[in-house]
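The file run24.cif comes next; it holds mmCIF, C-alpha atoms and all ligand atoms.
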data_data
#
loop_
_atom_site.label_atom_id
_atom_site.label_comp_id
_atom_site.auth_asym_id
_atom_site.auth_seq_id
_atom_site.Cartn_x
_atom_site.Cartn_y
_atom_site.Cartn_z
CA MET A 404 -28.32 14.81 36.39
CA ILE A 405 -26.91 16.14 33.13
CA LYS A 406 -24.90 13.50 31.24
CA LYS A 407 -21.49 14.02 29.69
CA ILE A 408 -20.92 12.71 26.18
CA GLY A 409 -17.33 12.31 25.02
CA ILE A 410 -16.37 12.09 21.34
CA PRO A 411 -12.78 10.86 21.04
CA LYS A 412 -10.53 11.19 18.02
CA GLU A 413 -10.47 7.78 16.37
CA VAL A 414 -7.08 6.06 16.62
CA LYS A 415 -7.63 2.97 14.45
CA LYS A 416 -5.17 3.11 11.55
CA ASP A 417 -6.34 5.26 8.63
CA GLU A 418 -9.67 6.04 10.32
CA GLY A 419 -10.93 9.56 9.63
CA ARG A 420 -14.56 9.24 10.73
CA VAL A 421 -16.14 10.96 13.73
CA SER A 422 -19.24 9.65 15.49
CA LEU A 423 -21.29 12.87 15.64
CA ILE A 424 -21.06 15.89 13.35
CA PRO A 425 -21.60 19.50 14.59
CA GLU A 426 -25.07 19.78 13.02
CA HIS A 427 -26.28 16.87 15.13
CA ILE A 428 -24.80 17.80 18.49
CA ALA A 429 -26.52 21.19 18.66
CA GLN A 430 -29.78 19.43 19.66
CA PHE A 431 -28.16 18.07 22.84
CA THR A 432 -27.43 21.54 24.26
CA GLY A 433 -29.03 21.78 27.69
CA LEU A 434 -29.58 18.01 27.79
CA ALA A 435 -25.93 16.95 27.91
CA ASP A 436 -22.45 18.39 28.03
CA ILE A 437 -20.58 17.39 24.90
CA PHE A 438 -16.81 17.03 25.01
CA ILE A 439 -14.83 16.44 21.85
CA GLU A 440 -11.15 15.74 21.51
CA SER A 441 -9.35 18.45 19.57
CA GLY A 442 -9.03 17.48 15.89
CA ALA A 443 -11.54 14.61 16.09
CA GLY A 444 -13.61 16.03 13.22
CA LEU A 445 -10.79 17.12 10.93
CA GLY A 446 -10.70 13.92 8.83
CA SER A 447 -14.39 14.49 8.06
CA GLY A 448 -13.98 18.18 7.29
CA PHE A 449 -15.17 19.63 10.65
CA SER A 450 -12.91 21.92 12.68
CA ASP A 451 -12.81 22.45 16.45
CA LYS A 452 -14.42 25.83 15.76
CA ASP A 453 -17.38 24.13 14.04
CA TYR A 454 -17.90 22.00 17.15
CA THR A 455 -17.51 24.94 19.55
CA LYS A 456 -20.14 26.86 17.58
CA ALA A 457 -22.49 23.89 17.91
CA GLY A 458 -22.05 23.92 21.70
CA ALA A 459 -19.29 21.36 22.34
CA LYS A 460 -16.30 21.82 24.63
CA ILE A 461 -12.93 21.00 23.09
CA VAL A 462 -10.50 18.98 25.20
CA ASP A 463 -6.86 18.53 24.35
CA SER A 464 -6.08 14.95 25.31
CA PRO A 465 -7.73 11.54 25.29
CA THR A 466 -7.09 11.31 29.06
CA GLU A 467 -9.11 14.46 29.64
CA LEU A 468 -11.83 13.31 27.23
CA TYR A 469 -12.34 9.88 28.81
CA GLY A 470 -11.91 11.32 32.32
CA ASN A 471 -14.67 13.89 31.74
CA SER A 472 -17.28 11.70 30.06
CA ASP A 473 -20.02 9.21 31.03
CA ILE A 474 -20.90 8.14 27.48
CA ILE A 475 -18.02 7.46 25.10
CA CYS A 476 -19.51 7.90 21.65
CA LYS A 477 -17.07 6.28 19.21
CA VAL A 478 -17.00 5.01 15.65
CA LYS A 479 -14.76 1.93 15.86
CA GLU A 480 -13.93 -0.50 18.64
CA PRO A 481 -11.34 0.73 21.20
CA GLN A 482 -7.73 0.09 20.24
CA GLU A 483 -5.09 -1.12 22.69
CA GLN A 484 -3.88 2.40 23.60
CA GLU A 485 -7.46 3.29 24.61
CA PHE A 486 -7.97 0.38 27.01
CA GLU A 487 -6.34 2.14 29.97
CA LEU A 488 -8.64 5.15 29.47
CA LEU A 489 -11.82 3.15 29.96
CA ASP A 490 -13.38 2.47 33.37
CA SER A 491 -16.52 1.09 34.99
CA SER A 492 -18.34 4.45 34.89
CA HIS A 493 -18.38 4.46 31.08
CA VAL A 494 -21.08 3.56 28.61
CA LEU A 495 -19.09 2.66 25.50
CA PHE A 496 -21.21 3.28 22.41
CA GLY A 497 -19.83 2.34 18.96
CA TYR A 498 -19.20 -0.48 16.46
CA LEU A 499 -17.64 -3.16 18.69
CA HIS A 500 -17.71 -6.31 16.51
CA LEU A 501 -16.90 -8.44 19.56
CA ALA A 502 -17.50 -11.81 17.86
CA SER A 503 -14.14 -11.50 16.13
CA ASN A 504 -12.17 -10.09 19.05
CA LEU A 505 -11.59 -12.19 22.17
CA ASP A 506 -8.96 -9.84 23.64
CA LEU A 507 -11.22 -6.80 23.40
CA THR A 508 -14.19 -8.71 24.83
CA LYS A 509 -12.13 -9.89 27.82
CA LYS A 510 -10.78 -6.37 28.36
CA LEU A 511 -14.25 -4.78 28.33
CA LEU A 512 -15.52 -7.45 30.75
CA GLU A 513 -12.58 -6.77 33.05
CA LYS A 514 -13.30 -3.02 32.98
CA LYS A 515 -16.89 -3.70 34.17
CA LEU A 516 -18.19 -0.97 31.86
CA THR A 517 -21.37 -1.02 29.77
CA GLY A 518 -20.64 -1.86 26.12
CA ILE A 519 -23.18 -1.17 23.39
CA ALA A 520 -22.39 -2.58 19.93
CA THR A 521 -24.19 -0.14 17.66
CA GLU A 522 -24.05 -2.50 14.67
CA MET A 523 -26.57 -4.70 16.54
CA ILE A 524 -29.20 -1.99 17.16
CA MET A 525 -32.38 -3.03 15.37
CA ASP A 526 -35.39 -1.14 14.06
CA ASP A 527 -38.22 -2.94 12.28
CA ASN A 528 -36.02 -5.95 11.48
CA ILE A 529 -33.21 -3.90 9.98
CA TYR A 530 -29.88 -2.73 11.38
CA PRO A 531 -30.08 1.07 10.94
CA LEU A 532 -26.48 1.73 11.98
CA LEU A 533 -24.97 -1.04 9.88
CA ILE A 534 -26.90 -0.28 6.69
CA PRO A 535 -25.39 3.10 5.70
CA MET A 536 -21.83 1.84 6.32
CA SER A 537 -22.62 -1.37 4.43
CA LYS A 538 -23.83 0.59 1.42
CA ILE A 539 -20.62 2.63 1.44
CA ALA A 540 -18.45 -0.48 1.98
CA GLY A 541 -20.14 -2.30 -0.92
CA ASN A 542 -19.41 0.61 -3.20
CA LEU A 543 -15.81 0.87 -2.04
CA ALA A 544 -15.27 -2.87 -2.46
CA ILE A 545 -15.74 -2.43 -6.21
CA GLN A 546 -13.70 0.79 -6.27
CA LYS A 547 -10.79 -0.92 -4.45
CA GLY A 548 -11.18 -4.10 -6.48
CA MET A 549 -10.85 -2.11 -9.73
CA GLN A 550 -7.62 -0.58 -8.49
CA PHE A 551 -6.12 -3.88 -7.26
CA LEU A 552 -6.90 -5.55 -10.60
CA GLU A 553 -4.51 -3.09 -12.25
CA TYR A 554 -1.23 -4.54 -13.51
CA SER A 555 0.88 -2.23 -11.32
CA SER A 556 -0.91 -3.50 -8.19
CA GLY A 557 -0.12 -7.11 -9.14
CA GLY A 558 -3.64 -7.73 -10.44
CA LYS A 559 -4.68 -9.49 -13.64
CA GLY A 560 -4.70 -6.26 -15.60
CA VAL A 561 -8.43 -6.48 -16.24
CA LEU A 562 -10.64 -3.40 -16.62
CA LEU A 563 -13.90 -3.95 -14.76
CA SER A 564 -15.96 -1.59 -16.89
CA SER A 565 -16.91 -2.71 -20.36
CA ILE A 566 -15.84 -0.48 -23.24
CA SER A 567 -17.68 -2.42 -25.94
CA GLU A 568 -20.59 -4.86 -26.27
CA LYS A 569 -18.35 -7.53 -24.80
CA LYS A 570 -18.43 -7.81 -20.99
CA ASN A 571 -14.89 -8.81 -20.15
CA ALA A 572 -14.63 -8.78 -16.39
CA LYS A 573 -16.33 -11.26 -14.07
CA VAL A 574 -17.42 -10.14 -10.60
CA THR A 575 -18.81 -12.67 -8.10
CA VAL A 576 -20.55 -11.37 -4.98
CA ILE A 577 -21.14 -13.78 -2.09
CA GLY A 578 -23.77 -12.57 0.36
CA CYS A 579 -26.27 -10.20 -1.24
CA GLY A 580 -27.49 -8.06 1.64
CA GLU A 581 -26.71 -4.37 1.95
CA VAL A 582 -23.00 -4.64 1.11
CA GLY A 583 -23.61 -7.17 -1.66
CA LYS A 584 -26.44 -5.19 -3.27
CA SER A 585 -24.35 -2.04 -3.27
CA SER A 586 -21.42 -3.88 -4.94
CA ILE A 587 -23.76 -5.49 -7.45
CA SER A 588 -25.39 -2.20 -8.40
CA LYS A 589 -22.02 -0.55 -8.97
CA ALA A 590 -20.54 -3.49 -10.88
CA ILE A 591 -23.57 -3.78 -13.17
CA SER A 592 -23.64 -0.03 -13.78
CA ILE A 593 -20.13 -0.14 -15.21
CA GLY A 594 -20.86 -3.16 -17.37
CA ALA A 595 -19.18 -6.03 -15.51
CA ASN A 596 -20.45 -9.59 -15.79
CA VAL A 597 -21.97 -10.17 -12.34
CA THR A 598 -22.81 -13.37 -10.48
CA ALA A 599 -24.64 -13.10 -7.16
CA ILE A 600 -24.50 -15.92 -4.59
CA ASP A 601 -26.65 -16.19 -1.46
CA LEU A 602 -28.24 -18.94 0.62
CA ASN A 603 -31.53 -17.04 0.75
CA GLU A 604 -33.50 -17.75 -2.45
CA LYS A 605 -35.81 -14.76 -1.90
CA VAL A 606 -32.77 -12.44 -1.99
CA LEU A 607 -31.74 -13.98 -5.33
CA GLU A 608 -35.28 -13.75 -6.76
CA ASP A 609 -35.43 -10.06 -5.84
CA LEU A 610 -32.12 -9.42 -7.59
CA LYS A 611 -33.38 -11.18 -10.73
CA LYS A 612 -36.49 -8.98 -10.67
CA VAL A 613 -34.35 -5.84 -10.58
CA TYR A 614 -31.57 -6.81 -12.99
CA GLY A 615 -33.08 -9.52 -15.23
CA ASP A 616 -30.54 -10.95 -17.67
CA SER A 617 -27.85 -8.54 -16.47
CA ILE A 618 -27.17 -10.78 -13.48
CA ASN A 619 -26.54 -14.49 -12.85
CA THR A 620 -27.87 -15.69 -9.51
CA LEU A 621 -26.72 -18.87 -7.77
CA LYS A 622 -27.57 -20.61 -4.53
CA GLY A 623 -24.49 -20.81 -2.26
CA ASP A 624 -22.64 -24.00 -1.33
CA THR A 625 -23.22 -25.63 -4.74
CA LYS A 626 -20.89 -26.86 -7.50
CA GLU A 627 -22.01 -23.94 -9.68
CA SER A 628 -21.34 -21.34 -6.97
CA THR A 629 -17.89 -22.82 -6.33
CA ASN A 630 -17.12 -22.54 -10.07
CA ALA A 631 -18.31 -18.92 -10.11
CA ILE A 632 -16.02 -18.12 -7.17
CA ARG A 633 -12.99 -19.84 -8.68
CA SER A 634 -13.35 -18.32 -12.17
CA ALA A 635 -14.09 -14.66 -11.26
CA ASP A 636 -11.69 -11.73 -11.67
CA LEU A 637 -13.03 -10.01 -8.57
CA ILE A 638 -14.80 -11.72 -5.67
CA ILE A 639 -16.58 -9.77 -2.95
CA GLY A 640 -17.20 -11.67 0.32
CA ALA A 641 -20.11 -10.00 2.14
CA VAL A 642 -21.89 -12.67 4.18
CA LEU A 643 -23.33 -12.01 7.62
CA ILE A 644 -24.92 -13.99 10.39
CA PRO A 645 -25.85 -11.13 12.75
CA GLY A 646 -23.64 -10.87 15.82
CA LYS A 647 -21.62 -13.98 14.94
CA LYS A 648 -18.36 -14.83 13.25
CA PRO A 649 -19.16 -15.32 9.53
CA PRO A 650 -18.90 -18.70 7.80
CA VAL A 651 -15.87 -19.37 5.55
CA VAL A 652 -17.21 -19.12 2.01
CA ILE A 653 -13.88 -18.77 0.15
CA LYS A 654 -11.60 -21.68 1.01
CA ASN A 655 -7.87 -22.19 0.49
CA GLU A 656 -8.69 -24.78 -2.15
CA ASP A 657 -10.73 -22.19 -4.07
CA ILE A 658 -7.87 -19.69 -3.89
CA SER A 659 -5.37 -22.27 -5.17
CA LYS A 660 -7.59 -22.79 -8.27
CA MET A 661 -7.92 -19.07 -9.10
CA GLU A 662 -5.90 -17.37 -11.84
CA LYS A 663 -2.94 -15.34 -10.62
CA GLY A 664 -3.84 -11.69 -10.15
CA THR A 665 -7.43 -12.44 -9.13
CA VAL A 666 -8.69 -10.07 -6.41
CA ILE A 667 -10.77 -10.98 -3.34
CA ILE A 668 -12.27 -8.28 -1.11
CA ASP A 669 -13.33 -9.76 2.24
CA VAL A 670 -15.75 -7.13 3.50
CA ALA A 671 -16.90 -9.41 6.33
CA ILE A 672 -13.49 -9.00 8.03
CA ASP A 673 -14.99 -6.73 10.72
CA GLN A 674 -16.83 -9.81 12.03
CA GLY A 675 -13.76 -12.06 11.55
CA GLY A 676 -13.74 -12.57 7.76
CA CYS A 677 -15.23 -15.07 5.29
CA VAL A 678 -11.99 -16.10 3.54
CA GLU A 679 -10.19 -19.09 5.11
CA LYS A 680 -7.32 -17.95 7.38
CA VAL A 681 -7.73 -14.31 6.31
CA LYS A 682 -5.53 -11.67 7.88
CA ALA A 683 -6.77 -8.12 8.43
CA ASN A 684 -5.30 -5.35 6.27
CA THR A 685 -5.35 -1.56 6.48
CA HIS A 686 -5.97 1.18 3.92
CA SER A 687 -2.21 1.80 3.77
CA GLU A 688 -1.32 -1.90 3.38
CA PRO A 689 -4.49 -2.97 1.65
CA PHE A 690 -3.89 -6.58 0.60
CA THR A 691 -1.97 -9.79 1.21
CA VAL A 692 -0.92 -12.08 -1.66
CA ARG A 693 -1.64 -15.82 -1.36
CA ASP A 694 -0.99 -18.21 -4.27
CA GLY A 695 -0.74 -15.16 -6.54
CA VAL A 696 -4.22 -13.96 -5.48
CA LEU A 697 -4.63 -10.50 -3.90
CA ILE A 698 -6.77 -10.75 -0.74
CA SER A 699 -7.91 -7.46 0.77
CA ALA A 700 -9.59 -7.44 4.18
CA ILE A 701 -10.04 -3.91 5.51
CA ALA A 702 -12.30 -3.73 8.57
CA ASN A 703 -13.02 -0.02 8.25
CA LEU A 704 -13.66 0.46 4.54
CA PRO A 705 -15.96 3.51 5.07
CA GLY A 706 -13.03 5.15 6.88
CA ALA A 707 -11.61 5.79 3.40
CA VAL A 708 -14.35 8.35 2.74
CA PRO A 709 -14.85 9.94 6.18
CA LYS A 710 -16.60 13.04 4.91
CA THR A 711 -19.42 11.00 3.40
CA SER A 712 -19.39 8.29 6.07
CA SER A 713 -19.49 10.56 9.15
CA ILE A 714 -22.54 12.44 7.88
CA GLU A 715 -24.37 9.14 7.23
CA LEU A 716 -23.25 7.64 10.53
CA SER A 717 -24.11 10.67 12.65
CA THR A 718 -27.54 10.97 10.97
CA ALA A 719 -28.36 7.38 11.92
CA LEU A 720 -26.75 7.54 15.38
CA GLN A 721 -28.22 10.71 16.88
CA LYS A 722 -31.58 9.34 17.95
CA TYR A 723 -29.95 6.50 19.89
CA VAL A 724 -27.59 8.91 21.69
CA TYR A 725 -30.69 10.84 22.68
CA PHE A 726 -32.11 7.63 24.17
CA LEU A 727 -29.06 7.25 26.44
CA LEU A 728 -29.70 10.67 27.96
CA GLN A 729 -32.98 9.64 29.59
CA GLU A 730 -32.82 9.26 33.37
CA ASP A 731 -33.88 5.58 33.45
CA TRP A 732 -32.36 4.66 30.08
CA PHE A 733 -30.75 1.40 31.23
CA GLU A 734 -34.01 -0.24 32.34
CA ASN A 735 -35.73 0.85 29.13
CA TYR A 736 -32.78 -0.19 26.94
CA LYS A 737 -32.45 -3.70 28.35
CA ASN A 738 -36.20 -4.29 28.03
CA ASP A 739 -36.48 -3.02 24.47
CA LYS A 740 -36.41 -5.91 21.99
CA ASN A 741 -34.83 -3.77 19.26
CA LEU A 742 -32.12 -2.29 21.45
CA SER A 743 -31.26 -5.12 23.84
CA PRO A 744 -29.24 -7.18 21.27
CA SER A 745 -26.76 -4.29 21.18
CA LEU A 746 -26.33 -4.21 24.98
CA GLN A 747 -23.54 -6.79 24.99
CA ILE A 748 -21.40 -6.06 28.05
CA HIS A 749 -22.46 -4.85 31.49
CA ASN A 750 -20.67 -4.87 34.81
CA GLY A 751 -18.39 -7.78 33.91
CA LEU A 752 -21.16 -9.84 32.27
CA LEU A 753 -21.27 -10.89 28.61
CA LEU A 754 -24.91 -10.57 27.53
CA SER A 755 -24.75 -11.56 23.85
CA GLU A 756 -25.38 -15.21 23.07
CA GLU A 757 -23.92 -14.79 19.55
CA VAL A 758 -20.68 -13.29 20.82
CA ALA A 759 -20.40 -15.92 23.56
CA ASP A 760 -20.97 -18.64 20.95
CA SER A 761 -18.38 -17.24 18.55
CA LEU A 762 -15.72 -16.87 21.27
CA SER A 763 -16.57 -19.96 23.36
CA LEU A 764 -17.37 -17.84 26.43
CA SER A 765 -20.29 -18.09 28.85
CA VAL A 766 -23.30 -15.87 28.39
CA SER A 767 -25.13 -14.19 31.29
CA LYS A 768 -28.65 -12.77 31.64
CA LEU A 769 -29.58 -9.58 33.42
CA VAL A 770 -32.21 -10.04 36.08
N1 LIG A 801 -15.32 -4.00 6.23
C1 LIG A 801 -16.13 -2.98 6.44
O1 LIG A 801 -15.72 -1.84 6.52
C2 LIG A 801 -17.59 -3.26 6.59
C3 LIG A 801 -18.54 -2.22 6.53
C4 LIG A 801 -19.90 -2.55 6.61
C5 LIG A 801 -20.29 -3.88 6.75
N2 LIG A 801 -19.34 -4.86 6.85
C6 LIG A 801 -19.65 -6.28 6.99
O2 LIG A 801 -20.10 -6.79 5.74
C7 LIG A 801 -20.86 -7.98 5.98
C8 LIG A 801 -22.20 -7.92 5.26
O3 LIG A 801 -22.99 -6.88 5.82
P1 LIG A 801 -24.47 -6.59 5.30
O4 LIG A 801 -24.91 -5.35 5.99
O5 LIG A 801 -24.51 -6.67 3.81
O6 LIG A 801 -25.26 -7.84 5.90
P2 LIG A 801 -26.71 -8.36 5.45
O7 LIG A 801 -27.28 -9.08 6.62
O8 LIG A 801 -27.50 -7.25 4.86
O9 LIG A 801 -26.39 -9.41 4.29
C9 LIG A 801 -25.71 -10.62 4.53
C10 LIG A 801 -26.14 -11.61 3.46
O10 LIG A 801 -25.30 -12.76 3.60
C11 LIG A 801 -26.08 -13.88 3.27
N3 LIG A 801 -25.41 -15.10 3.76
C12 LIG A 801 -25.24 -15.52 5.04
N4 LIG A 801 -24.51 -16.66 5.06
C13 LIG A 801 -24.23 -16.96 3.76
C14 LIG A 801 -23.49 -18.00 3.14
N5 LIG A 801 -22.92 -18.98 3.84
N6 LIG A 801 -23.40 -17.99 1.77
C15 LIG A 801 -23.98 -17.00 1.04
N7 LIG A 801 -24.68 -15.99 1.59
C16 LIG A 801 -24.80 -15.96 2.93
C17 LIG A 801 -27.42 -13.58 3.94
O11 LIG A 801 -28.46 -14.38 3.41
C18 LIG A 801 -27.58 -12.09 3.60
O12 LIG A 801 -28.29 -11.91 2.39
C19 LIG A 801 -21.00 -8.06 7.51
O13 LIG A 801 -20.02 -8.92 8.03
C20 LIG A 801 -20.73 -6.64 7.97
O14 LIG A 801 -20.31 -6.57 9.31
C21 LIG A 801 -18.01 -4.55 6.77
#
Go through the file and emit its structure as structure tokens.
Amino acid sequence: MIKKIGIPKEVKKDEGRVSLIPEHIAQFTGLADIFIESGAGLGSGFSDKDYTKAGAKIVDSPTELYGNSDIICKVKEPQEQEFELLDSSHVLFGYLHLASNLDLTKKLLEKKLTGIATEMIMDDNIYPLLIPMSKIAGNLAIQKGMQFLEYSSGGKGVLLSSISEKKNAKVTVIGCGEVGKSSISKAISIGANVTAIDLNEKVLEDLKKVYGDSINTLKGDTKESTNAIRSADLIIGAVLIPGKKPPVVIKNEDISKMEKGTVIIDVAIDQGGCVEKVKANTHSEPFTVRDGVLISAIANLPGAVPKTSSIELSTALQKYVYFLLQEDWFENYKNDKNLSPSLQIHNGLLLSEEVADSLSLSVSKLV
């Protein structure tokens, strides 16, 4: 039976991405019917006409979109107004980040649908759908940080780039995976004084090999790393324990010791945040001030550059959408060691141990 893929217009605040771009849906012609909500691609520069030409059918309302589709191919987790549109016939496919969201997890369990958290899809020990967004987010963390450090934003009034031999601005990056490395590369390229903190010594050794004396590397949870966090102008929090809520690596006590106008970007907010008691922000209200420190925690940073992000996302996503179109996909998916960690909700059962652990819920196994 031919499957029906639905691409809704994202409704999360300030989110302009779309899950699949026209170039990538053309390959599904004959294999699946593709429905897209009118205007879903506009934020990324793709019109309804572009999608029609590629073989998609345009639908006018979310009700029609969800009502017509078997596979809901989204970017971000469903928002409250989308809950009533979901039902047990749906395979929900998108970034779900359930470990930080008890309400959403309960709702998806109640709906008895199948929920696939694309950020947990693995391939050869990497997360192919997280990596491109992480690289973009790491870049944007520096871009946003530079702007928030400006005097008119309430920042210290420090320029991150160096304009002479002297490196004025101090950037500390905690968690040096994909996000962290992207922030580090950008910060070093503009001449900031960069300190990288991670618990994994191999990660720090690799950074030293690449950047030599242009970077200071420190093991996390030490007196030295605490000092580097407290004395920086800009701190990027980018830690991850896959599938789980992140550890708190920037504590209230650290914030109280920072200079006024210091900026923290908590990139790990999509998983719940790595700053103590952090509150989520949006692109339109991008930071909260605590003890004179600007804390920015935007869970959809790549949404700021949807044109770039949607192309990267769709490129990485297409082969997994293809997988869902196979007749016996579910059996194959649940038995595939790379894919099964992303199959987190099915028929009222929570299948992810990490999510269950983070939210104090019970985990189930499929037989
Ligand atoms: N806000 C956004 O828009 C956005 C976009 C993309 C990714 N993210 C998030 O950014 C975070 C990082 O993603 P990533 O792809 O770089 O992950 P990654 O797995 O590539 O890197 C995480 C790093 O954190 C380190 N780490 C773990 N615990 C630590 C601790 N206590 N102290 C120091 N280092 C620690 C790990 O060793 C690893 O090097 C994740 O939470 C991810 O979900 C957010």
Work out where the centre of an axis-aligned box around every listed atom of ligand LIG 801 (chain A) lies and how long its edges are once 8 Å is added on each side; give both in Å to one decimal as AutoDock Vina command-line options.
--center_x -21.9 --center_y -10.4 --center_z 5.2 --size_x 29.1 --size_y 33.1 --size_z 24.3
Nearby residues (only C-alpha atoms) at most 9 Å from Thr685 in chain A, same-chain spacing under 4 positions excluded, as a tab-separated table (two decimals) with C-alpha atoms, in the frame of the given file:
chain	number	residue	atom	x	y	z
A	416	LYS	CA	-5.17	3.11	11.55
A	417	ASP	CA	-6.34	5.26	8.63
A	689	PRO	CA	-4.49	-2.97	1.65
A	690	PHE	CA	-3.89	-6.58	0.60
A	699	SER	CA	-7.91	-7.46	0.77
A	700	ALA	CA	-9.59	-7.44	4.18
A	701	ILE	CA	-10.04	-3.91	5.51
A	702	ALA	CA	-12.30	-3.73	8.57
A	703	ASN	CA	-13.02	-0.02	8.25
A	704	LEU	CA	-13.66	0.46	4.54
- Task: Find the residues near Gln674 in chain A: any atom within 12 Å, counting all atoms listed in the file, skip ones fewer than 2 places away on the same chain, and give them as number ranges by chain.
- Result: A: 480, 498-505, 522-523, 640-651, 669-672, 676-678, 681, 683, 700-703, 757-758, 761-762
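Omitting Lys510 in chain A and its sequence neighbours fewer than 5 positions away, and counting only C-alpha atoms, the residues within 10 Å are Glu483, Phe486, Glu487, Leu489, Leu505, Lys515, Leu516 and Gly751 of chain A.
For range 609-615 of chain A, the list of residues within 10 Å, based on all atoms listed in the file and with local chain neighbours fewer than 4 positions off taken out, reads Cys579, Lys584, Ile587, Ser588, Ile591, Ala599, Glu604, Lys605, Asn619 and Thr620 of chain A.
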Residues within 10 Å of (-25.1, 24.9, 22.6), file coords, only C-alpha atoms, listed as a tab-separated table (two decimals) with C-alpha atoms, in the coordinates of the input:
chain	number	residue	atom	x	y	z
A	428	ILE	CA	-24.80	17.80	18.49
A	429	ALA	CA	-26.52	21.19	18.66
A	430	GLN	CA	-29.78	19.43	19.66
A	431	PHE	CA	-28.16	18.07	22.84
A	432	THR	CA	-27.43	21.54	24.26
A	433	GLY	CA	-29.03	21.78	27.69
A	434	LEU	CA	-29.58	18.01	27.79
A	435	ALA	CA	-25.93	16.95	27.91
A	436	ASP	CA	-22.45	18.39	28.03
A	437	ILE	CA	-20.58	17.39	24.90
A	454	TYR	CA	-17.90	22.00	17.15
A	455	THR	CA	-17.51	24.94	19.55
A	456	LYS	CA	-20.14	26.86	17.58
A	457	ALA	CA	-22.49	23.89	17.91
A	458	GLY	CA	-22.05	23.92	21.70
A	459	ALA	CA	-19.29	21.36	22.34
A	460	LYS	CA	-16.30	21.82	24.63
- Item | Using only C-alpha atoms and all ligand atoms: which of A:Gly594, A:Gly448, A:Gly578, A:Pro481 has the shortest distance to ligand LIG 801 (chain A) | A:Gly578
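Atom pair CA of Ile424 in chain A / CA of Ser717 in chain A has a distance of 6.1 Å (rounded to one decimal).
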- Message: Taking only C-alpha atoms and all ligand atoms into account, name the residue in A:Lys477, A:Lys452, A:Lys654, A:Lys407 that is nearest to ligand LIG 801 (chain A).
- Response: A:Lys654
